[in-house]
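**Student:** I have a structure I would like to understand better, so I am pasting it below and will then ask my questions one at a time.
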Amino acid sequence: MTFPTFTCRNQLNVNGLHKNSTCTSFVMENSNLSRIPEKRYSDFDDQEKEKSHKCMKFDQNERNRNQNNASMYDMTKCTETQEGGELVKSGNLNLQKQIPSSSGSVISCMCGKAPKTTCNLHAEDRQSDRYVQYTELEKLHVDVGGLNNCGNKNTIQRKNKTFHINDLPRFLFLHMLTNFTVPQLLNCVSLVCKYWYELCYDSSLWRVINLEDYKMLPDKALLKLTNISDNVIYLNVSDCRKVTDNGVVAMARQCPNLQELVAIRCTQLTVLSYSAIGEYCHKLHCINVSGNKTFSNECLKKIAMGCPDLTEIRLNSCINVDDDGIETLAHFCRKLKVVQLLENRKVTDACLPSLTTKCKLLEILCLHACSVTSKGVMEVAKCNNLTNLDISALSNVNTKTIKFVVQQCKQLTTLNMCLTKQVDDECINSIVKSAKKLRELFLVSCSVTDEALISIGKHSHSITHVDVGWCHGITDRGVREISSTCTQLKYLGLTRCDQVQHSTVENLVKQSPHIHYSTFLLDSKRLLDEAKKKGFVFNSGNEDSQ
């Protein structure tokens, strides 16, 4: 859904609202929001109540339709009555000023200006054949949910179709506010008026809190933000260097419903923080502490014991986590589906039997650059639900083990074997024959040639993404074959495949526009084109510097 931009009284975009912005009125005209000059929302009611309507007319078609009726209805004059007050009788019709309902027919004042009031027909007249034809106002009323209030500029106009921005449904207004950053909400938008202040502090806006970009955020600010809502479910404090154990402990106490915590590179946090999370946040489902060099087995134990419903954990580059920590995790968290252990050198074959046996729901496993051999990878074959396997940069894993694991994991859709020199054409041929659901295959810097690409195109009918970058045995022949035979292919990575001619790739781009070819020259060209579309201007190198 796309929302129109709107400007405030000082002609600044809302993204640029400053601290001294004044309250003003906003209206929508033809789906564009513009300002009502020199008037405020609170001034309209009193001014409009003093005015009376001078004329009301039927639609000309309605006049012709009722010419044969016993009586005509003279509605050339209509005096405005108090809201919910006396009735004005004209002919056989009883007219009463009220806010139109979704089921009532609407008569609108037509005097060349915005309508000042609306009139609703009684039910007895709506049932007769002498009714006023539905106007555009009635149709608009259904679309906007009854936002056309009588007697002020919040009324929907038949000609210009305008209404006040504060009359938007609350849920829609709150959805618009989700596009603002935390400082914009608290320091700018909330200062526009009391209603906006109330919306900015609505608890539903603060269930998901992302503080990733605020590196100097102190504990006091963290506690204030997490205290707005009593149902915070997501918190991201990545790279928040000023957040300490005291702040995290206090946050954990007031966020018992927290389900996802992201604390990437928060090296200042110690076991005290993770003990509090395990003690108070029992509903935690996902935690990401990648890059925390201070995260140890003791921290992992506190999390695992306190959060048995954990389904996703990312421990990338947590260099102090070893086999004991992973075994403890597997023992307490049997519902794990995602485990990432990138570049954890202390993780070896010893922990994998426990992980693959106890966590039977495991779907995603990443062992990139761990100290794992063929013996450990062989245990992965027990994971019947595995869909994504990353065994890249494992130099001690042989092709026999890889082929066995792929044959046993029938649900496998993504396989990453980058930087594994022992992977060759014969291994790829066996994999594509047995992995019927395989969709993504990463072979960067492997020992594969054109024969591997030909096998993929010949035997696999499901692969959509293949990356053979830095594979120097790939030539024009293999690229042409896989492009013509692999019917589902959408991406082919050829970065630094030096034997592939650029002219060949350019011809394939024209012949197969549905395939995204990735080379250094093509990616650079796409980047420049995208920059030009965004307005960047590049000067030629031969121009004299000013």
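Following the order of the structure tokens, first chain is A, next is B, and so on, with residues numbered from 1 inside each chain and ligands from 1 in the order they appear.
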Could you find all residues in segment 483-533 of chain A that DSSP calls strand (DSSP E or B) from the backbone, and write them as a ChimeraX atom specification?

**Tutor:** /A:491-493,516-518

**Student:** Please extract the residues of segment 382-545 of chain A with a backbone DSSP assignment of helix (DSSP H, G or I) and present them as a ChimeraX atom specification.

**Tutor:** /A:382,399-408,425-434,450-459,476-485,502-511,520-533

**Student:** Please provide as JSON, numbers by chain all residues within 9 Å of Cys366 of chain A, with the sequence filter that same-chain residues fewer than 6 positions apart are discarded (counting only C-alpha atoms).

**Tutor:** {"A": [338, 339, 340, 341, 342, 388, 389, 390, 391, 392]}

**Student:** How far is it from atom CA of Glu327 of chain A to atom CA of Thr356 of chain A, in Å with one decimal?

**Tutor:**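 Interatomic distance, atom CA of Glu327 of chain A to atom CA of Thr356 of chain A: 10.3 Å.
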
**Student:** Need to verify the contact set: segment 497-502 of chain A, 12 Å, only C-alpha atoms, exclusion of same-chain residues closer than 3 positions in sequence. Can you return it as a PDB file with C-alpha atoms, in the first residue's frame?

**Tutor:**
ATOM      1  CA  VAL A 444      32.461 -20.579  -5.711  1.00  0.00           C
ATOM      2  CA  SER A 445      36.133 -21.499  -6.077  1.00  0.00           C
ATOM      3  CA  CYS A 446      35.496 -25.233  -6.473  1.00  0.00           C
ATOM      4  CA  VAL A 448      34.436 -27.744 -11.447  1.00  0.00           C
ATOM      5  CA  THR A 449      34.454 -27.306 -15.241  1.00  0.00           C
ATOM      6  CA  ASP A 450      31.944 -27.115 -18.069  1.00  0.00           C
ATOM      7  CA  ASP A 467      27.095 -19.651  -8.621  1.00  0.00           C
ATOM      8  CA  VAL A 468      30.404 -20.847 -10.103  1.00  0.00           C
ATOM      9  CA  GLY A 469      32.423 -17.688  -9.549  1.00  0.00           C
ATOM     10  CA  TRP A 470      36.205 -18.036  -9.461  1.00  0.00           C
ATOM     11  CA  CYS A 471      35.988 -21.455 -11.132  1.00  0.00           C
ATOM     12  CA  HIS A 472      38.638 -21.085 -13.807  1.00  0.00           C
ATOM     13  CA  GLY A 473      37.604 -24.238 -15.658  1.00  0.00           C
ATOM     14  CA  ILE A 474      34.311 -22.677 -16.815  1.00  0.00           C
ATOM     15  CA  THR A 475      34.215 -21.584 -20.485  1.00  0.00           C
ATOM     16  CA  ASP A 476      31.692 -20.261 -22.996  1.00  0.00           C
ATOM     17  CA  ARG A 477      30.583 -23.804 -23.819  1.00  0.00           C
ATOM     18  CA  GLY A 478      29.347 -24.611 -20.312  1.00  0.00           C
ATOM     19  CA  VAL A 479      27.586 -21.273 -19.946  1.00  0.00           C
ATOM     20  CA  ARG A 480      25.700 -21.744 -23.232  1.00  0.00           C
ATOM     21  CA  LEU A 492      24.109 -17.687 -12.928  1.00  0.00           C
ATOM     22  CA  GLY A 493      27.154 -16.320 -11.110  1.00  0.00           C
ATOM     23  CA  LEU A 494      30.263 -16.032 -13.307  1.00  0.00           C
ATOM     24  CA  VAL A 505      27.558 -13.230 -21.843  1.00  0.00           C
ATOM     25  CA  GLU A 506      26.115 -10.127 -23.522  1.00  0.00           C
ATOM     26  CA  ASN A 507      24.563 -12.270 -26.256  1.00  0.00           C
ATOM     27  CA  LEU A 508      23.096 -14.624 -23.644  1.00  0.00           C
ATOM     28  CA  VAL A 509      21.598 -11.682 -21.772  1.00  0.00           C
ATOM     29  CA  TYR A 517      24.046 -13.213 -15.313  1.00  0.00           C
ATOM     30  CA  SER A 518      26.537 -11.941 -12.768  1.00  0.00           C
ATOM     31  CA  THR A 519      29.969 -10.852 -13.952  1.00  0.00           C
ATOM     32  CA  PHE A 520      32.238  -8.069 -12.805  1.00  0.00           C
ATOM     33  CA  LEU A 521      31.512  -5.879 -15.856  1.00  0.00           C
ATOM     34  CA  LEU A 522      27.754  -6.502 -15.893  1.00  0.00           C
TER      35      LEU A 522
END

**Student:** So which residues touch Lys400 of chain A within 9 Å, counting only C-alpha atoms, skipping near sequence neighbours fewer than 4 positions away, as a PyMOL selection string?

**Tutor:** chain A and resi 374+404-405+427

**Student:** Pick the closest to Ile264 of chain A from A:Asn246, A:Thr413, A:Asn316, A:Thr328: which is it, counting only C-alpha atoms?

**Tutor:** A:Asn316

**Student:** Show which residues sit within 9 Å of segment 207-212 of chain A, as a list in words. Count only C-alpha atoms, and ignore same-chain residues fewer than 3 positions away.

**Tutor:**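 My list of contacting residues is Val182, Ser203, Ser204, Lys215, Leu217, Leu222, Leu225, Thr226, Ile228, Ser229, Asp230, Asn231, Val232, Ile233, Tyr234, Leu235, Asn236, Val237, Ser238, Asp239, Cys240, Val262 and Ala263 of chain A.
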
**Student:** Have a look at atom CA of Gly278 of chain A and atom CA of Ala252 of chain A and let me know their distance in Å, one decimal.

**Tutor:**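 Atom-to-atom, atom CA of Gly278 of chain A and atom CA of Ala252 of chain A are spaced 8.8 Å apart.
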
**Student:** Which polymer residues have any atom within 10 Å of an atom of Trp196 of chain A, counting only C-alpha atoms, with same-chain residues fewer than 5 positions away left out, as number ranges by chain?

**Tutor:** A: 23, 166, 173-174, 177, 185, 189-191, 201-202

**Student:** Go ahead and compute the interatomic distance for atom CA of Cys333 of chain A and atom CA of Arg345 of chain A, in Å to one decimal.

**Tutor:** 22.4 Å
